[in-house]
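Pasted below: work36.txt, compact mmCIF, C-alpha atoms (C1' of nucleotides) and all ligand atoms.
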# COMPACT_ATOMS: atom_id res chain seq x y z
CA MET A 1 -7.99 12.76 4.30
CA PHE A 2 -4.80 10.78 4.76
CA SER A 3 -3.65 7.86 2.66
CA LYS A 4 -3.93 4.35 4.03
CA ALA A 5 -0.14 4.29 4.20
CA CYS A 6 -0.19 7.37 6.39
CA GLU A 7 -2.89 6.00 8.66
CA TYR A 8 -0.88 2.83 9.18
CA GLY A 9 2.26 4.89 9.71
CA ILE A 10 0.68 6.95 12.44
CA LYS A 11 -0.84 4.00 14.25
CA ALA A 12 2.38 2.00 13.99
CA SER A 13 4.42 4.89 15.37
CA ILE A 14 2.12 5.20 18.36
CA PHE A 15 2.41 1.50 19.11
CA ILE A 16 6.17 1.60 18.75
CA ALA A 17 6.36 4.62 21.06
CA LEU A 18 4.20 2.90 23.64
CA ASN A 19 6.55 -0.07 23.73
CA SER A 20 9.70 1.97 23.59
CA TYR A 21 8.75 3.44 26.97
CA LYS A 22 8.96 -0.09 28.26
CA ASN A 23 12.26 -0.61 26.45
CA VAL A 24 10.60 -3.19 24.26
CA ARG A 25 11.43 -3.43 20.59
CA VAL A 26 8.39 -4.51 18.55
CA SER A 27 8.41 -6.70 15.47
CA LEU A 28 6.66 -6.02 12.20
CA LYS A 29 4.39 -8.92 12.93
CA SER A 30 3.23 -7.64 16.28
CA ILE A 31 2.76 -4.13 14.89
CA ALA A 32 0.60 -5.32 12.00
CA LYS A 33 -1.44 -7.41 14.35
CA GLU A 34 -1.92 -4.59 16.82
CA ILE A 35 -2.97 -1.97 14.29
CA ASN A 36 -4.81 -4.40 12.04
CA SER A 37 -2.79 -3.70 8.91
CA PRO A 38 -1.38 -5.87 6.11
CA GLU A 39 2.06 -7.02 7.17
CA ALA A 40 4.10 -6.59 4.00
CA PHE A 41 2.58 -3.21 3.19
CA THR A 42 3.23 -2.04 6.71
CA ALA A 43 6.84 -3.13 6.30
CA LYS A 44 7.27 -0.73 3.39
CA ILE A 45 5.84 2.13 5.40
CA LEU A 46 8.05 1.39 8.38
CA GLN A 47 11.09 1.31 6.10
CA ASP A 48 10.05 4.74 4.92
CA LEU A 49 9.77 6.04 8.47
CA VAL A 50 13.18 4.57 9.28
CA ARG A 51 14.71 6.33 6.27
CA HIS A 52 13.13 9.56 7.47
CA HIS A 53 14.51 8.94 10.97
CA VAL A 54 11.09 8.96 12.57
CA ILE A 55 11.71 5.51 14.03
CA ASN A 56 14.71 3.17 14.34
CA SER A 57 14.99 -0.42 13.28
CA MET A 58 17.30 -3.25 14.16
CA LYS A 59 17.68 -6.34 12.03
CA GLY A 60 18.13 -9.88 13.15
CA ALA A 61 17.00 -11.95 16.08
CA TYR A 62 15.60 -9.80 18.86
CA GLY A 63 15.41 -6.99 16.35
CA GLY A 64 12.41 -4.81 15.60
CA PHE A 65 11.35 -1.19 15.68
CA GLU A 66 11.77 1.40 18.38
CA ILE A 67 11.97 5.11 19.09
CA GLU A 68 14.47 6.58 21.51
CA LYS A 69 12.55 7.31 24.67
CA GLU A 70 13.81 10.84 24.95
CA LEU A 71 12.70 11.57 21.40
CA ILE A 72 9.14 10.33 21.63
CA SER A 73 7.78 13.65 22.78
CA THR A 74 9.58 15.42 19.96
CA VAL A 75 8.07 13.34 17.16
CA LYS A 76 5.11 15.27 15.80
CA LEU A 77 2.30 13.90 13.68
CA SER A 78 3.43 16.32 11.01
CA HIS A 79 6.76 14.48 10.74
CA ILE A 80 5.01 11.22 10.05
CA VAL A 81 2.47 12.65 7.64
CA ASN A 82 5.18 14.55 5.83
CA ALA A 83 7.41 11.51 5.51
CA ILE A 84 4.65 9.43 3.97
CA ASP A 85 2.20 11.73 2.21
CA GLY A 86 4.41 14.74 1.63
CA ASP A 87 3.29 18.29 2.26
CA ALA A 88 0.45 18.61 -0.26
CA ILE A 89 -2.13 18.47 2.50
CA TYR A 90 -0.50 21.49 4.17
CA SER A 91 0.50 23.63 1.30
CA GLY A 92 -1.27 22.33 -1.78
CA CYS A 93 -4.25 24.04 -3.38
CA GLY A 94 -7.56 22.57 -2.32
CA LEU A 95 -8.78 22.54 -5.90
CA GLY A 96 -5.58 21.18 -7.36
CA LEU A 97 -4.18 24.32 -8.94
CA HIS A 98 -0.47 23.88 -9.56
CA THR A 99 0.43 25.93 -6.51
CA CYS A 100 -1.60 27.65 -3.83
CA ASP A 101 -0.85 31.27 -4.54
CA GLU A 102 -2.29 34.15 -2.58
CA ASN A 103 -2.00 36.29 -5.69
CA HIS A 104 -3.74 33.84 -7.96
CA PRO A 105 -6.17 32.09 -5.64
CA CYS A 106 -8.62 29.39 -6.60
CA PRO A 107 -12.28 29.95 -5.74
CA VAL A 108 -12.08 28.25 -2.37
CA HIS A 109 -8.67 29.57 -1.35
CA HIS A 110 -9.72 31.94 1.40
CA LYS A 111 -12.24 29.56 2.85
CA PHE A 112 -9.98 26.56 2.56
CA LYS A 113 -6.88 28.18 3.92
CA SER A 114 -8.04 28.40 7.52
CA VAL A 115 -9.08 24.76 7.56
CA ARG A 116 -5.74 23.75 6.16
CA GLU A 117 -3.87 25.90 8.68
CA GLU A 118 -5.82 24.42 11.55
CA LEU A 119 -4.97 20.95 10.31
CA LYS A 120 -1.35 21.93 9.95
CA SER A 121 -1.09 23.38 13.41
CA MET A 122 -2.89 20.38 14.86
CA LEU A 123 -0.39 18.04 13.24
CA GLU A 124 2.56 20.18 14.25
CA ASN A 125 1.40 20.41 17.85
CA THR A 126 0.54 16.81 18.48
CA ASN A 127 3.35 14.53 19.57
CA LEU A 128 3.66 10.80 19.94
CA GLU A 129 3.96 10.96 23.69
CA GLU A 130 0.45 12.24 24.33
CA LEU A 131 -1.03 9.85 21.80
CA ALA A 132 0.76 6.89 23.33
CA LEU A 133 -0.34 7.84 26.82
CA ASN A 134 -3.98 7.91 25.77
CA ILE A 135 -3.66 4.42 24.40
CA LYS A 136 -1.97 3.29 27.58
CA SER A 137 -4.73 4.74 29.75
CA GLY A 138 -7.40 3.16 27.61
CA ALA A 139 -8.71 6.55 26.50
CA SER A 140 -8.20 5.70 22.84
CA PHE A 141 -7.74 2.68 20.62
CA LEU A 142 -5.64 1.56 17.69
CA LYS A 143 -8.13 -0.77 16.09
CA VAL A 144 -11.73 -2.01 15.63
CA MET B 1 -7.75 16.35 0.48
CA PHE B 2 -10.38 15.96 -2.23
CA SER B 3 -10.21 13.53 -5.12
CA LYS B 4 -9.40 14.84 -8.59
CA ALA B 5 -12.97 14.03 -9.55
CA CYS B 6 -14.21 16.25 -6.77
CA GLU B 7 -11.87 19.09 -7.66
CA TYR B 8 -13.09 18.99 -11.24
CA GLY B 9 -16.69 18.77 -10.06
CA ILE B 10 -16.38 21.88 -7.92
CA LYS B 11 -14.65 23.91 -10.60
CA ALA B 12 -17.10 22.80 -13.26
CA SER B 13 -20.06 23.70 -11.07
CA ILE B 14 -18.72 27.18 -10.49
CA PHE B 15 -18.23 27.73 -14.20
CA ILE B 16 -21.70 26.43 -14.96
CA ALA B 17 -23.19 28.71 -12.31
CA LEU B 18 -21.35 31.70 -13.70
CA ASN B 19 -22.82 31.11 -17.14
CA SER B 20 -26.27 30.24 -15.89
CA TYR B 21 -26.54 33.77 -14.53
CA LYS B 22 -26.17 34.88 -18.13
CA ASN B 23 -28.69 32.26 -19.25
CA VAL B 24 -25.96 30.49 -21.15
CA ARG B 25 -25.80 26.73 -21.23
CA VAL B 26 -22.22 25.48 -21.37
CA SER B 27 -20.95 22.43 -23.22
CA LEU B 28 -18.70 19.73 -21.85
CA LYS B 29 -16.01 20.93 -24.19
CA SER B 30 -16.03 24.51 -22.97
CA ILE B 31 -16.14 23.38 -19.34
CA ALA B 32 -13.14 21.11 -19.73
CA LYS B 33 -11.26 23.85 -21.50
CA GLU B 34 -12.09 26.43 -18.85
CA ILE B 35 -11.16 24.32 -15.86
CA ASN B 36 -8.30 22.54 -17.58
CA SER B 37 -9.60 19.02 -17.11
CA PRO B 38 -9.71 15.88 -19.28
CA GLU B 39 -12.90 16.01 -21.28
CA ALA B 40 -14.16 12.43 -21.06
CA PHE B 41 -13.41 12.14 -17.37
CA THR B 42 -15.15 15.43 -16.73
CA ALA B 43 -18.18 14.07 -18.58
CA LYS B 44 -18.46 11.23 -16.09
CA ILE B 45 -18.33 13.61 -13.16
CA LEU B 46 -20.93 15.92 -14.67
CA GLN B 47 -23.22 12.95 -15.25
CA ASP B 48 -22.83 12.16 -11.58
CA LEU B 49 -23.74 15.69 -10.58
CA VAL B 50 -26.77 15.58 -12.86
CA ARG B 51 -27.92 12.35 -11.25
CA HIS B 52 -27.55 13.99 -7.86
CA HIS B 53 -29.52 17.02 -9.09
CA VAL B 54 -26.69 19.43 -8.42
CA ILE B 55 -26.76 20.58 -12.04
CA ASN B 56 -29.05 20.05 -15.04
CA SER B 57 -28.16 18.86 -18.48
CA MET B 58 -29.83 19.07 -21.85
CA LYS B 59 -28.87 16.80 -24.71
CA GLY B 60 -28.65 17.70 -28.35
CA ALA B 61 -27.72 20.76 -30.35
CA TYR B 62 -27.60 23.87 -28.19
CA GLY B 63 -27.60 21.54 -25.21
CA GLY B 64 -25.18 21.58 -22.34
CA PHE B 65 -25.11 22.06 -18.58
CA GLU B 66 -26.82 24.65 -16.43
CA ILE B 67 -28.10 25.40 -12.96
CA GLU B 68 -31.41 27.13 -12.34
CA LYS B 69 -30.56 30.71 -11.48
CA GLU B 70 -32.69 30.77 -8.38
CA LEU B 71 -30.99 27.64 -7.10
CA ILE B 72 -27.37 28.72 -7.48
CA SER B 73 -27.21 30.30 -4.05
CA THR B 74 -28.66 27.15 -2.53
CA VAL B 75 -26.07 24.78 -3.93
CA LYS B 76 -23.46 24.25 -1.24
CA LEU B 77 -19.95 22.88 -1.70
CA SER B 78 -21.00 20.08 0.62
CA HIS B 79 -23.58 18.92 -1.91
CA ILE B 80 -20.95 18.60 -4.60
CA VAL B 81 -18.35 16.95 -2.40
CA ASN B 82 -20.94 14.57 -1.03
CA ALA B 83 -22.20 13.61 -4.47
CA ILE B 84 -18.71 12.77 -5.69
CA ASP B 85 -16.56 11.75 -2.71
CA GLY B 86 -19.26 10.73 -0.27
CA ASP B 87 -19.26 11.72 3.37
CA ALA B 88 -16.10 10.02 4.58
CA ILE B 89 -14.29 13.34 4.80
CA TYR B 90 -16.99 14.65 7.17
CA SER B 91 -17.80 11.71 9.28
CA GLY B 92 -15.07 9.13 8.72
CA CYS B 93 -12.31 8.39 11.22
CA GLY B 94 -9.07 10.21 10.50
CA LEU B 95 -7.10 7.04 11.09
CA GLY B 96 -9.42 4.79 9.13
CA LEU B 97 -11.15 2.99 11.98
CA HIS B 98 -14.36 1.45 10.74
CA THR B 99 -16.44 4.25 12.23
CA CYS B 100 -15.61 7.41 14.13
CA ASP B 101 -17.05 6.63 17.51
CA GLU B 102 -16.91 8.98 20.47
CA ASN B 103 -16.98 5.95 22.78
CA HIS B 104 -14.20 4.12 21.01
CA PRO B 105 -12.03 6.92 19.67
CA CYS B 106 -8.83 6.54 17.71
CA PRO B 107 -5.73 8.29 19.06
CA VAL B 108 -6.29 11.46 17.05
CA HIS B 109 -10.06 11.61 17.44
CA HIS B 110 -10.33 14.61 19.73
CA LYS B 111 -7.71 16.58 17.87
CA PHE B 112 -9.01 15.63 14.49
CA LYS B 113 -12.65 16.22 15.20
CA SER B 114 -12.47 19.99 15.34
CA VAL B 115 -10.57 20.18 12.06
CA ARG B 116 -13.13 17.94 10.42
CA GLU B 117 -16.00 19.97 11.84
CA GLU B 118 -14.48 23.19 10.59
CA LEU B 119 -14.10 21.68 7.15
CA LYS B 120 -17.66 20.45 7.28
CA SER B 121 -19.10 23.77 8.29
CA MET B 122 -17.00 25.54 5.69
CA LEU B 123 -18.37 23.26 2.97
CA GLU B 124 -21.91 23.56 4.25
CA ASN B 125 -21.76 27.32 4.42
CA THR B 126 -20.18 28.06 1.08
CA ASN B 127 -22.51 28.32 -1.87
CA LEU B 128 -21.93 28.48 -5.58
CA GLU B 129 -23.15 32.06 -5.85
CA GLU B 130 -20.33 33.59 -3.84
CA LEU B 131 -17.73 31.44 -5.58
CA ALA B 132 -19.05 32.39 -9.00
CA LEU B 133 -19.09 36.08 -8.13
CA ASN B 134 -15.44 35.98 -7.13
CA ILE B 135 -14.55 34.45 -10.44
CA LYS B 136 -16.59 37.09 -12.22
CA SER B 137 -14.89 39.93 -10.40
CA GLY B 138 -11.47 38.48 -11.09
CA ALA B 139 -10.83 37.84 -7.42
CA SER B 140 -10.22 34.17 -8.02
CA PHE B 141 -9.36 31.79 -10.84
CA LEU B 142 -10.35 28.39 -12.14
CA LYS B 143 -7.05 27.40 -13.67
CA VAL B 144 -3.26 27.80 -14.01
C1' DT C 1 30.05 -21.98 13.46
C1' DC C 2 25.26 -22.69 12.73
C1' DA C 3 20.51 -21.95 13.00
C1' DA C 4 16.69 -19.09 13.90
C1' DA C 5 14.57 -14.67 13.89
C1' DA C 6 14.22 -10.40 12.11
C1' DT C 7 14.31 -6.32 8.82
C1' DA C 8 15.50 -4.79 3.80
C1' DG C 9 14.39 -4.64 -0.70
C1' DG C 10 13.10 -6.06 -5.36
C1' DA C 11 9.51 -7.96 -8.25
C1' DT C 12 4.82 -8.56 -8.92
C1' DA C 13 -0.18 -8.44 -8.35
C1' DA C 14 -4.68 -6.52 -7.08
C1' DA C 15 -7.65 -2.73 -6.50
C1' DA C 16 -8.96 1.95 -6.91
C1' DT C 17 -8.69 6.16 -9.28
C1' DT C 18 -8.08 8.74 -13.30
C1' DA C 19 -8.43 8.94 -18.16
C1' DT C 20 -9.80 7.70 -23.08
C1' DC C 21 -12.65 5.93 -26.90
C1' DC C 22 -16.69 5.10 -29.37
C1' DG C 23 -21.37 4.40 -30.55
C1' DA C 24 -26.29 5.41 -29.04
C1' DA C 25 -29.76 8.66 -27.99
C1' DT C 26 -31.56 13.24 -28.09
C1' DT C 27 -32.38 17.93 -29.54
C1' DA C 28 -32.84 21.96 -32.42
C1' DA C 29 -32.08 24.39 -36.50
C1' DA C 30 -31.90 24.45 -41.45
C1' DT D 1 -36.75 15.37 -42.73
C1' DT D 2 -32.11 15.65 -42.51
C1' DT D 3 -28.03 17.09 -40.29
C1' DA D 4 -25.06 18.79 -36.89
C1' DA D 5 -24.27 19.30 -32.10
C1' DT D 6 -24.70 17.49 -27.92
C1' DT D 7 -25.05 14.46 -23.62
C1' DC D 8 -25.24 9.45 -22.12
C1' DG D 9 -23.34 5.14 -21.19
C1' DG D 10 -20.56 1.09 -21.84
C1' DA D 11 -15.98 -0.73 -22.59
C1' DT D 12 -11.30 -0.24 -22.02
C1' DA D 13 -6.76 1.61 -20.78
C1' DA D 14 -3.29 4.03 -17.93
C1' DT D 15 -1.75 5.37 -13.55
C1' DT D 16 -1.48 5.37 -8.67
C1' DT D 17 -2.23 3.23 -4.42
C1' DT D 18 -2.49 -0.74 -1.79
C1' DA D 19 -1.06 -5.33 -1.03
C1' DT D 20 1.69 -9.73 -1.51
C1' DC D 21 5.65 -12.80 -2.23
C1' DC D 22 10.21 -14.18 -2.16
C1' DT D 23 15.06 -13.79 -1.38
C1' DA D 24 18.99 -11.39 0.73
C1' DT D 25 21.06 -9.60 4.70
C1' DT D 26 21.83 -8.93 9.51
C1' DT D 27 21.89 -10.19 14.35
C1' DT D 28 21.91 -13.04 18.40
C1' DG D 29 22.05 -17.16 21.02
C1' DA D 30 22.97 -22.00 21.24
S1 LIG E 201 -5.09 28.59 -4.44
FE1 LIG E 201 -6.44 26.97 -4.02
S2 LIG E 201 -6.21 26.79 -1.88
FE2 LIG E 201 -4.91 28.44 -2.30
S1 LIG E 202 -12.41 7.73 15.94
FE1 LIG E 202 -10.84 8.42 14.63
S2 LIG E 202 -11.49 10.42 14.23
FE2 LIG E 202 -13.05 9.75 15.56
Hey, can you dump this file as structure tokens for me?
Ligand code: FES
Ligand code: FES
Amino acid sequence: MFSKACEYGIKASIFIALNSYKNVRVSLKSIAKEINSPEAFTAKILQDLVRHHVINSMKGAYGGFEIEKELISTVKLSHIVNAIDGDAIYSGCGLGLHTCDENHPCPVHHKFKSVREELKSMLENTNLEELALNIKSGASFLKV
Amino acid sequence: MFSKACEYGIKASIFIALNSYKNVRVSLKSIAKEINSPEAFTAKILQDLVRHHVINSMKGAYGGFEIEKELISTVKLSHIVNAIDGDAIYSGCGLGLHTCDENHPCPVHHKFKSVREELKSMLENTNLEELALNIKSGASFLKV
DNA sequence: TCAAAATAGGATAAAATTATCCGAATTAAA
DNA sequence: TTTAATTCGGATAATTTTATCCTATTTTGA
């Protein structure tokens, strides 16, 4: 469904959010360890999220990644997915036609559309805060 | 969402079904032309579908691909997707955990599950007959 | 000021997906 | 029986995605 890059991006963001509540900046190394992802590849993805202002980074000793506490609840999954995978999963044609066009629909258009919309609204209505809290409470897990 | 291979496979199957109603066997060449796909790559995918008994093939002059008329309405999108992309899209974890496990859920599990189930039921409840009929009536299109 | 700890970013490599090529095997009609 | 039209299947290539490596740059504390 999502690319590996996007999966890592989502998991990393949740872990960063979790720590940002505790005013702790997390390093690339600890992120990769926590979400079980390749370090250097994860670095690229984090850079991407920084460029898209989903997370913040600080270089140097005692540096790392963070998200402003007040913003955590405003970061939606859709922001992360969009930054990394783009919007094809929302708006692209399920059968790969150049554009999804109501007036020139592919065979699965009407059936596919509702699934895609549900996915879209799910992503747009899920924020990092709730995801981080579920990790904190032990209701969900980032690896294994 | 789906791989290119899967997109081609679905479109090809619909076109084959459409022609099978007219007792016409279609060649690789005409399929690739109709669905706007690379010929040799499409051949591989069709071979795969033949092996999975989604479609039938006949070699030699006047050969080509077909689906038994009586079976067209029994071929579900899920069969095609499963033959080509496997079942990860149904049953895999949205964040790439090794397995999707209710007792060890990833952060998006509960939100993701319903989307995945809707997709699954859509694919399991859509058959080639209805898709072919919509193409026939001009209600939907296989290319451009 | 210097050293250590980080992220940034470019270059490259590995793996997976998508795509192409070509000869072998099969089939039916002439 | 020959020939033309096909699918089949193996080898290979191109592209995209995933992953790694190395150096530069930034930041803080000693
Ligand atoms: S045209 Fe294919 S999903 Fe809309
Ligand atoms: S555990 Fe991730 S979707 Fe179920």
Grab all the atoms of region 119-125 of chain A that the file lists, wrap them in a box along x, y and z, add 5 Å per side, and give me centre plus edge lengths in Å (one decimal) as lines of an AutoDock Vina configuration file.
center_x = -1.2
center_y = 20.7
center_z = 13.9
size_x = 17.5
size_y = 15.3
size_z = 17.9
Next on the checklist: Quick check, in Å to one decimal: how far apart do CA of Leu97 (chain A) and CA of Asn134 (chain B) lie?
Outcome noted: 16.3 Å
Would you give me, as a Markdown table, each residue of chain C having an atom within 10 Å of an atom of chain B, along with its shortest atom pair and that distance in Å to one decimal, using only C-alpha atoms (C1' of nucleotides) and sorting by chain and residue number?
| residue | atom | partner | partner_atom | distance |
| --- | --- | --- | --- | --- |
| C:DT17 | C1' | B:Ser3 | CA | 8.6 |
| C:DT18 | C1' | B:Phe41 | CA | 7.5 |
| C:DA19 | C1' | B:Phe41 | CA | 6.0 |
| C:DT20 | C1' | B:Ala40 | CA | 6.7 |
| C:DC21 | C1' | B:Ala40 | CA | 8.9 |
| C:DA25 | C1' | B:Lys59 | CA | 8.8 |
| C:DT26 | C1' | B:Gly60 | CA | 5.3 |
| C:DT27 | C1' | B:Gly60 | CA | 3.9 |
| C:DA28 | C1' | B:Ala61 | CA | 5.7 |
| C:DA29 | C1' | B:Ala61 | CA | 8.4 |
Checklist entry - Between D:DT2, D:DT23, D:DT28, D:DT12, which is the closest to chain A once you count only C-alpha atoms (C1' of nucleotides)? => result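 Between D:DT2, D:DT23, D:DT28, D:DT12, the residue approaching chain A most closely is D:DT28.
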Using all atoms listed in the file and a distance of at most 10 Å, pull out the residues of chain D that contact chain A, as a tab-separated table (two decimals) with C-alpha atoms (C1' of nucleotides), keeping the file's coordinate frame.
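Output below, filename out.tsv:
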chain	number	residue	atom	x	y	z
D	17	DT	C1'	-2.23	3.23	-4.42
D	18	DT	C1'	-2.49	-0.74	-1.79
D	19	DA	C1'	-1.06	-5.33	-1.03
D	20	DT	C1'	1.69	-9.73	-1.51
D	21	DC	C1'	5.65	-12.80	-2.23
D	25	DT	C1'	21.06	-9.60	4.70
D	26	DT	C1'	21.83	-8.93	9.51
D	27	DT	C1'	21.89	-10.19	14.35
D	28	DT	C1'	21.91	-13.04	18.40
D	29	DG	C1'	22.05	-17.16	21.02
Checklist entry - Counting only C-alpha atoms (C1' of nucleotides) and all ligand atoms, what residues are within 8 Å of ligand LIG 202 (chain E), given as JSON, numbers by chain? => result {"B": [92, 93, 94, 95, 96, 97, 99, 100, 101, 102, 104, 105, 106, 107, 108, 109, 110, 112, 113]}
Next on the checklist: As an exercise, work out the distance from CA of Ile35 (chain B) to CA of Val144 (chain B) in Å and give it to one decimal place.
Outcome noted: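 According to the coordinates, CA of Ile35 (chain B) and CA of Val144 (chain B) are separated by 8.8 Å.
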Next on the checklist: Using Å and a single decimal, report how far CA of Ile45 (chain A) sits from CA of Phe65 (chain A).
Outcome noted: 12.1 Å
Using all atoms listed in the file, what table do you get, as CSV, when you list each residue of chain B with an atom no more than 12 Å from ligand LIG 201 (chain E), its nearest pair of atoms, and their distance in Å rounded to one decimal, rows by chain then rising number?
residue,atom,partner,partner_atom,distance
B:Met1,CA,E:LIG201,S2,10.8
B:Phe2,CA,E:LIG201,S2,11.6
B:Glu7,CA,E:LIG201,FE1,10.2
B:Ile10,CA,E:LIG201,FE1,11.8
B:Lys11,CA,E:LIG201,FE1,11.0
B:Ala139,CA,E:LIG201,S1,11.3
B:Ser140,CA,E:LIG201,S1,8.4
B:Phe141,CA,E:LIG201,S1,8.3
B:Leu142,CA,E:LIG201,FE1,9.1
B:Lys143,CA,E:LIG201,S1,9.5
B:Val144,CA,E:LIG201,S1,9.8
